[in-house]
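One file, input_37.cif, is given below (mmCIF, C-alpha atoms).
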```
data_coords
#
loop_
_atom_site.group_PDB
_atom_site.id
_atom_site.type_symbol
_atom_site.label_atom_id
_atom_site.label_comp_id
_atom_site.auth_asym_id
_atom_site.auth_seq_id
_atom_site.Cartn_x
_atom_site.Cartn_y
_atom_site.Cartn_z
ATOM 1 C CA MET N 12 0.000 0.000 0.000
ATOM 2 C CA SER N 13 1.456 3.313 -1.014
ATOM 3 C CA VAL N 14 1.512 6.380 1.184
ATOM 4 C CA ASP N 15 -1.292 7.951 -0.853
ATOM 5 C CA GLU N 16 -3.544 5.016 -0.150
ATOM 6 C CA PHE N 17 -2.906 4.884 3.567
ATOM 7 C CA ASP N 18 -5.671 6.667 5.331
ATOM 8 C CA PRO N 19 -5.785 6.093 9.083
ATOM 9 C CA ASP N 20 -9.427 7.120 9.306
ATOM 10 C CA ILE N 21 -10.513 4.658 6.655
ATOM 11 C CA GLU N 22 -8.300 1.962 8.139
ATOM 12 C CA ARG N 23 -9.969 2.575 11.490
ATOM 13 C CA LEU N 24 -13.439 2.381 9.979
ATOM 14 C CA PHE N 25 -12.680 -0.938 8.320
ATOM 15 C CA ALA N 26 -11.153 -2.286 11.518
ATOM 16 C CA ARG N 27 -14.234 -1.397 13.507
ATOM 17 C CA THR N 28 -16.259 -4.573 13.971
ATOM 18 C CA PRO N 29 -19.989 -4.115 14.079
ATOM 19 C CA SER N 30 -21.725 -6.412 16.543
ATOM 20 C CA MET N 31 -24.541 -8.206 14.808
ATOM 21 C CA ALA N 32 -27.674 -8.951 16.759
ATOM 22 C CA ASP N 33 -28.030 -12.432 15.292
ATOM 23 C CA ASN N 34 -24.448 -13.489 16.006
ATOM 24 C CA ALA N 35 -25.602 -16.268 18.358
ATOM 25 C CA LEU N 36 -27.806 -17.688 15.609
ATOM 26 C CA PHE N 37 -24.912 -17.570 13.171
ATOM 27 C CA VAL N 38 -22.645 -19.407 15.642
ATOM 28 C CA ALA N 39 -25.357 -22.048 16.154
ATOM 29 C CA ASP N 40 -25.645 -22.539 12.388
ATOM 30 C CA VAL N 41 -21.896 -23.020 12.008
ATOM 31 C CA GLU N 42 -21.794 -25.452 14.932
ATOM 32 C CA ALA N 43 -24.694 -27.433 13.455
ATOM 33 C CA ARG N 44 -22.905 -27.674 10.113
ATOM 34 C CA LEU N 45 -19.696 -28.732 11.874
ATOM 35 C CA ALA N 46 -21.574 -31.466 13.736
ATOM 36 C CA SER N 47 -23.247 -32.589 10.536
ATOM 37 C CA SER N 48 -19.987 -32.806 8.588
ATOM 38 C CA SER N 49 -18.436 -34.641 11.531
ATOM 39 C CA ARG N 50 -21.230 -37.229 11.455
ATOM 40 C CA VAL N 51 -20.725 -37.744 7.725
ATOM 41 C CA ARG N 52 -16.994 -38.225 8.285
ATOM 42 C CA ALA N 53 -17.639 -40.689 11.109
ATOM 43 C CA LEU N 54 -20.087 -42.628 8.970
ATOM 44 C CA ALA N 55 -17.557 -42.768 6.139
ATOM 45 C CA LEU N 56 -14.874 -44.005 8.558
ATOM 46 C CA THR N 57 -17.206 -46.648 9.951
ATOM 47 C CA LEU N 58 -18.146 -47.853 6.486
ATOM 48 C CA ALA N 59 -14.477 -47.925 5.488
ATOM 49 C CA GLY N 60 -13.672 -49.899 8.635
ATOM 50 C CA LEU N 61 -16.443 -52.377 7.995
ATOM 51 C CA ALA N 62 -15.453 -52.738 4.357
ATOM 52 C CA GLY N 63 -11.821 -53.243 5.373
ATOM 53 C CA GLY N 64 -12.835 -55.834 7.951
ATOM 54 C CA ALA N 65 -14.987 -57.650 5.421
ATOM 55 C CA VAL N 66 -12.153 -57.713 2.911
ATOM 56 C CA ALA N 67 -9.774 -58.975 5.591
ATOM 57 C CA VAL N 68 -12.140 -61.791 6.567
ATOM 58 C CA ASN N 69 -12.708 -62.678 2.931
ATOM 59 C CA GLN N 70 -8.970 -62.817 2.297
ATOM 60 C CA ALA N 71 -8.433 -64.931 5.385
ATOM 61 C CA MET N 72 -10.827 -67.536 4.033
ATOM 62 C CA HIS N 73 -8.813 -67.905 0.847
ATOM 63 C CA VAL N 74 -5.204 -67.498 1.904
ATOM 64 C CA ASN N 75 -3.290 -70.146 3.755
ATOM 65 C CA VAL N 76 -0.222 -68.602 5.293
ATOM 66 C CA SER N 77 2.121 -70.855 7.221
ATOM 67 C CA PHE N 78 4.995 -69.387 9.159
ATOM 68 C CA ALA N 79 5.822 -72.773 10.576
ATOM 69 C CA SER N 80 7.091 -74.394 7.406
ATOM 70 C CA SER N 81 10.683 -75.436 7.263
ATOM 71 C CA ASP N 82 11.444 -72.824 4.531
ATOM 72 C CA ALA N 83 10.583 -69.910 6.773
ATOM 73 C CA PRO N 84 13.318 -68.063 8.652
ATOM 74 C CA VAL N 85 13.903 -68.991 12.288
ATOM 75 C CA ALA N 86 12.212 -65.888 13.665
ATOM 76 C CA GLY N 87 9.227 -66.417 11.334
ATOM 77 C CA ARG N 88 8.966 -70.034 12.378
ATOM 78 C CA ALA N 89 9.069 -69.089 16.026
ATOM 79 C CA LEU N 90 6.379 -66.446 15.443
ATOM 80 C CA GLY N 91 4.256 -68.900 13.477
ATOM 81 C CA GLN N 92 4.561 -71.534 16.160
ATOM 82 C CA GLY N 93 3.659 -68.959 18.777
ATOM 83 C CA LEU N 94 0.598 -67.848 16.813
ATOM 84 C CA GLN N 95 -0.485 -71.421 16.254
ATOM 85 C CA ALA N 96 -0.025 -72.236 19.927
ATOM 86 C CA ALA N 97 -1.934 -69.118 20.926
ATOM 87 C CA SER N 98 -4.766 -69.786 18.514
ATOM 88 C CA ALA N 99 -4.954 -73.431 19.595
ATOM 89 C CA GLY N 100 -5.083 -72.301 23.219
ATOM 90 C CA THR N 101 -7.784 -69.778 22.366
ATOM 91 C CA GLN N 102 -9.763 -72.405 20.507
ATOM 92 C CA ASN N 103 -9.501 -74.807 23.452
ATOM 93 C CA ALA N 104 -10.541 -72.097 25.876
ATOM 94 C CA ILE N 105 -13.504 -71.091 23.765
ATOM 95 C CA GLN N 106 -14.458 -74.702 23.185
ATOM 96 C CA SER N 107 -14.402 -75.443 26.922
ATOM 97 C CA LEU N 108 -16.471 -72.312 27.542
ATOM 98 C CA LEU N 109 -18.962 -73.484 24.949
ATOM 99 C CA ASP N 110 -19.035 -76.907 26.641
ATOM 100 C CA GLN N 111 -19.905 -75.251 29.936
ATOM 101 C CA VAL N 112 -22.751 -73.167 28.463
ATOM 102 C CA GLY N 113 -24.152 -76.135 26.556
ATOM 103 C CA LEU N 114 -23.091 -75.109 23.063
ATOM 104 C CA ALA N 115 -20.617 -77.907 22.588
ATOM 105 C CA ASN N 116 -21.896 -78.717 19.123
ATOM 106 C CA LEU N 117 -20.550 -75.423 17.831
ATOM 107 C CA SER N 118 -17.175 -76.400 16.501
ATOM 108 C CA LEU N 119 -14.363 -73.944 15.953
ATOM 109 C CA GLY N 120 -11.938 -76.698 15.061
ATOM 110 C CA SER N 121 -12.519 -76.342 11.344
ATOM 111 C CA MET N 122 -11.097 -72.809 11.345
ATOM 112 C CA SER N 123 -7.393 -72.323 11.070
ATOM 113 C CA GLY N 124 -5.517 -70.059 13.430
ATOM 114 C CA MET N 125 -4.973 -67.498 10.702
ATOM 115 C CA GLN N 126 -8.652 -67.436 9.843
ATOM 116 C CA LEU N 127 -9.498 -66.771 13.476
ATOM 117 C CA PHE N 128 -6.777 -64.120 13.540
ATOM 118 C CA TRP N 129 -8.211 -62.283 10.540
ATOM 119 C CA ILE N 130 -11.760 -62.535 11.847
ATOM 120 C CA ALA N 131 -10.597 -61.021 15.125
ATOM 121 C CA THR N 132 -8.705 -58.343 13.188
ATOM 122 C CA GLY N 133 -11.818 -57.476 11.205
ATOM 123 C CA ALA N 134 -13.834 -57.209 14.394
ATOM 124 C CA LEU N 135 -11.168 -54.989 15.958
ATOM 125 C CA ILE N 136 -11.145 -52.709 12.910
ATOM 126 C CA ALA N 137 -14.913 -52.379 13.123
ATOM 127 C CA LEU N 138 -14.626 -51.642 16.840
ATOM 128 C CA ALA N 139 -11.932 -49.035 16.203
ATOM 129 C CA ALA N 140 -14.081 -47.360 13.558
ATOM 130 C CA ALA N 141 -17.007 -47.290 15.965
ATOM 131 C CA GLY N 142 -14.710 -45.787 18.608
ATOM 132 C CA VAL N 143 -13.538 -43.082 16.217
ATOM 133 C CA MET N 144 -17.151 -42.289 15.408
ATOM 134 C CA LYS N 145 -17.999 -42.010 19.097
ATOM 135 C CA LEU N 146 -14.984 -39.815 19.796
ATOM 136 C CA SER N 147 -15.654 -37.516 16.869
ATOM 137 C CA GLN N 148 -19.229 -37.048 18.045
ATOM 138 C CA GLU N 149 -18.070 -36.177 21.533
ATOM 139 C CA ALA N 150 -15.312 -33.806 20.423
ATOM 140 C CA MET R 29 -9.202 -23.339 38.652
ATOM 141 C CA THR R 30 -10.215 -24.229 35.109
ATOM 142 C CA LYS R 31 -10.128 -21.606 32.381
ATOM 143 C CA SER R 32 -13.316 -20.870 30.541
ATOM 144 C CA LEU R 33 -13.181 -20.652 26.772
ATOM 145 C CA MET R 34 -13.396 -16.882 26.962
ATOM 146 C CA ASP R 35 -10.033 -16.809 28.748
ATOM 147 C CA PHE R 36 -8.195 -18.490 25.889
ATOM 148 C CA HIS R 37 -6.284 -16.576 23.245
ATOM 149 C CA ASP R 38 -7.298 -17.094 19.619
ATOM 150 C CA VAL R 39 -4.069 -18.972 18.907
ATOM 151 C CA GLU R 40 -4.730 -21.394 21.763
ATOM 152 C CA LEU R 41 -8.298 -21.929 20.637
ATOM 153 C CA ALA R 42 -7.148 -22.512 17.072
ATOM 154 C CA ALA R 43 -4.637 -25.119 18.262
ATOM 155 C CA LEU R 44 -7.373 -26.909 20.220
ATOM 156 C CA ALA R 45 -9.713 -26.672 17.233
ATOM 157 C CA ALA R 46 -6.999 -28.165 15.027
ATOM 158 C CA ALA R 47 -7.095 -31.201 17.315
ATOM 159 C CA GLY R 48 -10.823 -31.534 16.632
ATOM 160 C CA GLY R 49 -12.211 -29.257 19.348
ATOM 161 C CA ARG R 50 -15.543 -28.083 18.028
ATOM 162 C CA ARG R 51 -16.455 -26.169 21.181
ATOM 163 C CA GLU R 52 -13.212 -24.202 21.004
ATOM 164 C CA PHE R 53 -13.831 -23.430 17.368
ATOM 165 C CA GLY R 54 -17.347 -22.314 18.253
ATOM 166 C CA GLU R 55 -15.812 -19.720 20.544
ATOM 167 C CA LEU R 56 -13.701 -18.434 17.639
ATOM 168 C CA VAL R 57 -16.824 -18.189 15.498
ATOM 169 C CA ARG R 58 -18.572 -16.293 18.274
ATOM 170 C CA ARG R 59 -15.665 -13.848 18.490
ATOM 171 C CA HIS R 60 -15.118 -13.208 14.802
ATOM 172 C CA GLY R 61 -18.353 -14.167 13.048
ATOM 173 C CA SER R 62 -19.631 -10.609 12.888
ATOM 174 C CA ALA R 63 -16.364 -9.259 11.469
ATOM 175 C CA VAL R 64 -16.277 -11.830 8.683
ATOM 176 C CA ARG R 65 -19.929 -11.278 7.811
ATOM 177 C CA ALA R 66 -19.431 -7.512 7.835
ATOM 178 C CA LEU R 67 -16.474 -7.791 5.465
ATOM 179 C CA LEU R 68 -18.514 -9.841 3.008
ATOM 180 C CA ARG R 69 -21.345 -7.326 3.131
ATOM 181 C CA ARG R 70 -18.853 -4.536 2.539
ATOM 182 C CA MET R 71 -17.593 -6.457 -0.469
ATOM 183 C CA GLY R 72 -21.117 -6.265 -1.851
ATOM 184 C CA ALA R 73 -22.732 -9.523 -0.752
ATOM 185 C CA GLN R 74 -26.368 -9.506 0.289
ATOM 186 C CA ALA R 75 -26.994 -10.464 3.913
ATOM 187 C CA ALA R 76 -28.065 -14.060 3.226
ATOM 188 C CA GLU R 77 -25.246 -14.649 0.754
ATOM 189 C CA ALA R 78 -22.730 -13.114 3.147
ATOM 190 C CA ASP R 79 -23.873 -15.488 5.881
ATOM 191 C CA ASP R 80 -23.629 -18.499 3.561
ATOM 192 C CA VAL R 81 -20.106 -17.603 2.489
ATOM 193 C CA ALA R 82 -19.086 -16.801 6.062
ATOM 194 C CA GLN R 83 -20.308 -20.213 7.201
ATOM 195 C CA ASP R 84 -18.387 -21.896 4.387
ATOM 196 C CA ALA R 85 -15.320 -19.879 5.339
ATOM 197 C CA PHE R 86 -15.503 -20.994 8.958
ATOM 198 C CA LEU R 87 -15.997 -24.635 7.955
ATOM 199 C CA THR R 88 -12.962 -24.346 5.682
ATOM 200 C CA ALA R 89 -11.029 -22.704 8.496
ATOM 201 C CA PHE R 90 -11.949 -25.567 10.843
ATOM 202 C CA GLN R 91 -10.655 -28.127 8.369
ATOM 203 C CA ARG R 92 -7.465 -26.120 7.823
ATOM 204 C CA CYS R 93 -6.995 -24.955 11.400
ATOM 205 C CA ALA R 94 -3.663 -26.752 11.653
ATOM 206 C CA GLU R 95 -2.332 -24.394 8.965
ATOM 207 C CA PHE R 96 -2.957 -21.342 11.145
ATOM 208 C CA ARG R 97 0.367 -20.549 12.780
ATOM 209 C CA GLY R 98 -0.606 -17.388 14.587
ATOM 210 C CA GLU R 99 1.574 -15.207 12.364
ATOM 211 C CA GLY R 100 -1.342 -12.832 11.794
ATOM 212 C CA THR R 101 -4.608 -12.610 13.636
ATOM 213 C CA PHE R 102 -7.141 -15.403 13.384
ATOM 214 C CA ALA R 103 -9.782 -12.926 12.216
ATOM 215 C CA ALA R 104 -7.575 -11.749 9.346
ATOM 216 C CA TRP R 105 -6.891 -15.355 8.355
ATOM 217 C CA VAL R 106 -10.582 -16.256 8.196
ATOM 218 C CA LYS R 107 -11.404 -12.989 6.438
ATOM 219 C CA ARG R 108 -8.983 -13.858 3.667
ATOM 220 C CA ILE R 109 -10.515 -17.309 3.329
ATOM 221 C CA ALA R 110 -13.985 -15.750 3.198
ATOM 222 C CA ALA R 111 -12.920 -13.114 0.681
ATOM 223 C CA ARG R 112 -11.453 -15.728 -1.637
ATOM 224 C CA LEU R 113 -14.550 -17.913 -1.346
ATOM 225 C CA TYR R 114 -16.749 -14.936 -2.178
ATOM 226 C CA LEU R 115 -14.605 -13.995 -5.171
ATOM 227 C CA LYS R 116 -14.725 -17.581 -6.381
ATOM 228 C CA ARG R 117 -18.499 -17.556 -6.125
ATOM 229 C CA LYS R 118 -18.712 -14.171 -7.835
ATOM 230 C CA SER R 119 -16.364 -15.110 -10.650
ATOM 231 C CA LYS R 120 -18.845 -17.706 -11.854
ATOM 232 C CA ASP R 121 -21.429 -15.134 -12.812
ATOM 233 C CA ALA R 122 -19.594 -11.838 -13.035
ATOM 234 C CA ARG R 123 -16.766 -10.247 -14.927
ATOM 235 C CA TYR R 124 -14.926 -7.544 -13.103
ATOM 236 C CA VAL R 125 -14.368 -4.207 -14.691
ATOM 237 C CA SER R 126 -10.873 -4.308 -16.082
ATOM 238 C CA GLU R 127 -10.929 -0.795 -17.457
ATOM 239 C CA ILE R 128 -11.186 2.268 -15.361
ATOM 240 C CA GLU R 129 -14.439 4.106 -15.712
ATOM 241 C CA THR R 130 -14.109 7.718 -16.668
ATOM 242 C CA GLU R 131 -17.207 9.157 -15.102
ATOM 243 C CA GLU R 132 -16.691 11.307 -12.071
ATOM 244 C CA VAL R 133 -18.749 10.766 -8.984
ATOM 245 C CA ALA R 134 -19.486 14.096 -7.412
ATOM 246 C CA PRO R 135 -18.807 14.349 -3.713
ATOM 247 C CA THR R 136 -21.995 14.260 -1.728
ATOM 248 C CA ILE R 137 -21.964 17.640 -0.143
ATOM 249 C CA ASP R 138 -25.519 17.255 1.049
ATOM 250 C CA THR R 139 -24.442 14.910 3.838
ATOM 251 C CA PRO R 140 -23.696 16.749 7.004
ATOM 252 C CA GLY R 141 -20.794 15.278 8.919
ATOM 253 C CA LEU R 142 -19.616 11.719 8.668
ATOM 254 C CA VAL R 143 -21.631 8.990 7.033
ATOM 255 C CA ASP R 144 -21.455 5.302 7.751
ATOM 256 C CA LEU R 145 -18.686 3.364 5.981
ATOM 257 C CA ASP R 146 -21.178 0.787 4.735
ATOM 258 C CA GLU R 147 -23.286 3.536 3.228
ATOM 259 C CA ALA R 148 -20.228 5.213 1.723
ATOM 260 C CA LEU R 149 -19.142 1.959 0.082
ATOM 261 C CA LYS R 150 -22.391 1.936 -1.870
ATOM 262 C CA SER R 151 -21.153 4.922 -3.864
ATOM 263 C CA LEU R 152 -18.373 2.765 -5.350
ATOM 264 C CA ASN R 153 -18.869 0.542 -8.351
ATOM 265 C CA GLU R 154 -18.703 -3.197 -7.807
ATOM 266 C CA THR R 155 -15.049 -3.665 -8.717
ATOM 267 C CA GLU R 156 -13.844 -0.636 -6.765
ATOM 268 C CA ARG R 157 -15.802 -1.811 -3.770
ATOM 269 C CA LEU R 158 -14.255 -5.268 -3.981
ATOM 270 C CA CYS R 159 -10.737 -3.922 -4.403
ATOM 271 C CA VAL R 160 -11.015 -1.456 -1.525
ATOM 272 C CA SER R 161 -12.639 -4.008 0.786
ATOM 273 C CA LEU R 162 -10.069 -6.670 -0.043
ATOM 274 C CA CYS R 163 -7.234 -4.206 0.523
ATOM 275 C CA HIS R 164 -8.444 -2.500 3.684
ATOM 276 C CA GLY R 165 -10.935 -5.029 5.055
ATOM 277 C CA ALA R 166 -9.223 -8.345 4.331
ATOM 278 C CA GLY R 167 -5.668 -7.001 4.424
ATOM 279 C CA MET R 168 -4.742 -8.381 1.025
ATOM 280 C CA SER R 169 -1.906 -6.839 -0.951
ATOM 281 C CA HIS R 170 -2.449 -5.432 -4.423
ATOM 282 C CA PRO R 171 -0.685 -8.380 -6.125
ATOM 283 C CA GLU R 172 -2.829 -10.792 -4.101
ATOM 284 C CA ILE R 173 -5.986 -8.962 -5.159
ATOM 285 C CA ALA R 174 -4.825 -8.906 -8.777
ATOM 286 C CA ALA R 175 -4.266 -12.648 -8.697
ATOM 287 C CA ALA R 176 -7.530 -13.376 -6.915
ATOM 288 C CA MET R 177 -9.597 -11.206 -9.248
ATOM 289 C CA ASN R 178 -7.626 -12.046 -12.366
ATOM 290 C CA LEU R 179 -6.998 -8.367 -13.090
ATOM 291 C CA PRO R 180 -3.783 -6.547 -14.043
ATOM 292 C CA LEU R 181 -1.917 -5.141 -11.069
ATOM 293 C CA GLY R 182 -2.108 -1.575 -12.381
ATOM 294 C CA THR R 183 -5.864 -1.869 -12.765
ATOM 295 C CA VAL R 184 -6.230 -3.020 -9.188
ATOM 296 C CA LYS R 185 -4.147 -0.088 -7.967
ATOM 297 C CA SER R 186 -6.288 2.320 -9.964
ATOM 298 C CA HIS R 187 -9.498 0.811 -8.611
ATOM 299 C CA VAL R 188 -8.235 1.072 -5.049
ATOM 300 C CA LYS R 189 -7.153 4.672 -5.531
ATOM 301 C CA ARG R 190 -10.414 5.720 -7.162
ATOM 302 C CA GLY R 191 -12.414 3.846 -4.579
ATOM 303 C CA LEU R 192 -10.563 5.551 -1.750
ATOM 304 C CA ASP R 193 -11.034 8.952 -3.356
ATOM 305 C CA LYS R 194 -14.762 8.334 -3.528
ATOM 306 C CA LEU R 195 -14.858 7.097 0.056
ATOM 307 C CA ARG R 196 -12.993 10.174 1.273
ATOM 308 C CA ALA R 197 -15.397 12.372 -0.612
ATOM 309 C CA ARG R 198 -18.348 10.628 0.999
ATOM 310 C CA LEU R 199 -16.884 10.410 4.469
ATOM 311 C CA ARG R 200 -15.296 13.861 4.602
ATOM 312 C CA PRO R 201 -17.268 16.068 2.261
ATOM 313 C CA GLU R 202 -15.725 19.358 1.263
ATOM 314 C CA PRO R 203 -17.462 22.326 2.817
ATOM 315 C CA PRO R 204 -19.833 24.136 0.457
ATOM 316 C CA LEU R 205 -18.270 26.855 -1.690
ATOM 317 C CA SER R 206 -20.376 29.529 -0.029
ATOM 318 C CA GLY R 207 -18.893 28.535 3.292
ATOM 319 C CA ARG R 208 -15.370 28.873 1.920
ATOM 320 C CA ALA R 209 -16.130 32.292 0.449
ATOM 321 C CA SER R 210 -17.227 33.604 3.806
ATOM 322 C CA HIS R 211 -13.789 32.719 5.242
ATOM 323 C CA VAL R 212 -11.980 34.446 2.372
ATOM 324 C CA GLY R 213 -13.969 37.604 2.669
#
```

Before anything else, please render the file you have as structure tokens.
Amino acid sequence: MSVDEFDPDIERLFARTPSMADNALFVADVEARLASSSRVRALALTLAGLAGGAVAVNQAMHVNVSFASSDAPVAGRALGQGLQAASAGTQNAIQSLLDQVGLANLSLGSMSGMQLFWIATGALIALAAAGVMKLSQEA
Amino acid sequence: MTKSLMDFHDVELAALAAAGGRREFGELVRRHGSAVRALLRRMGAQAAEADDVAQDAFLTAFQRCAEFRGEGTFAAWVKRIAARLYLKRKSKDARYVSEIETEEVAPTIDTPGLVDLDEALKSLNETERLCVSLCHGAGMSHPEIAAAMNLPLGTVKSHVKRGLDKLRARLRPEPPLSGRASHVG
């Protein structure tokens, strides 16, 4: 801005903020639109989470990954054996729980450890998406 | 003792809003909503349109809050966002005057004393009004205005100068000639 254009009086007039009577209504409108856009974002995240979980479960049904084969590196084998042991333990625990509540006919034995792992992962993703939605609504 | 939102500085509120704080951002809207709406009206927007654009500007500001570093004021930052949004909306259905009009607008000597800035701005043509408001209301530089309005830099400078001349004439009218003569005599 050149010297000719600088006019302190005009600058002052522009800087003066008029208080508008309906400012509270305007703030409420903006907050409502923020909440609305937040809900849309949360819904999109939830849908993405569910879709991701579904894809993960679907992949788990078709992929057979074995860390325990003799070709795998030592660390991979150890991890695979650990996962298999953990999943077997989980299956036994669930099976015994089912026995106690009278649902012994429900067999989890046909599912591999990796399938159970991916199903659990899908469920966790869905839970995380739901958590994000809840948090974004509370924020 | 916990601080209420009114105790926070704009920069603090903006940082909290950047982390998703809608309540904190609401406080910023409460503080600066009127200023942003007033700027848009001074640029020539009707009340309803000004409110629409101001709301869009605040929503944009919320999404981009992390970009606000506190180098200028928060109000100035949102005003610039609002001004650009309004220009974008206007550019769809309007072509700004790229040539300087030659007609002279006579100073309004019938107005006693100062008149309201918003009233005085009505004596400017659309492009002058935009240029002056962007320069003095939104704090944009002439090159920024030229780029935003897709006008040559020299044209923007001329519009600002003419607009200011008209504003001065409206806001500080020259005393009537008869009044001057009485001092001379």

**OP:** Please indicate the distance in Å from atom CA of Lys194 of chain R to atom CA of Asn178 of chain R, rounded to one decimal place.
**Re:**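 Distance reported for this atom pair: 23.3 Å.
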
**OP:** Could you tell me which residues the PyMOL selection byres ((chain N and resi 132) around 12) returns for this structure, as a PyMOL selection string?
**Re:** chain N and resi 60-61+63-71+125-131+133-139

Original post:
N:Val143, N:Ser48, N:Val38, N:Arg23: which is nearest chain R, counting all atoms listed in the file?
Top reply: N:Val38

For a quick test of understanding: name the residues of chain R lying within 6 Å of chain N when counting only C-alpha atoms, and present them as a PDB file with C-alpha atoms, keeping the file's coordinate frame.
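Output (out.pdb):
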```pdb
ATOM      1  CA  GLY R  49     -12.211 -29.257  19.348  1.00  0.00           C
ATOM      2  CA  VAL R  57     -16.824 -18.189  15.498  1.00  0.00           C
ATOM      3  CA  ARG R  58     -18.572 -16.293  18.274  1.00  0.00           C
ATOM      4  CA  SER R  62     -19.631 -10.609  12.888  1.00  0.00           C
ATOM      5  CA  ALA R  63     -16.364  -9.259  11.469  1.00  0.00           C
ATOM      6  CA  GLN R  83     -20.308 -20.213   7.201  1.00  0.00           C
ATOM      7  CA  GLY R 165     -10.935  -5.029   5.055  1.00  0.00           C
TER       8      GLY R 165
END
```

Subject >> Among listed residues R:Met71, R:Val188, R:Glu52, R:Ala111, nearest Asp35 of chain R (using all atoms listed in the file) >> reply: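 Nearest candidate to Asp35 of chain R out of R:Met71, R:Val188, R:Glu52, R:Ala111: R:Glu52.
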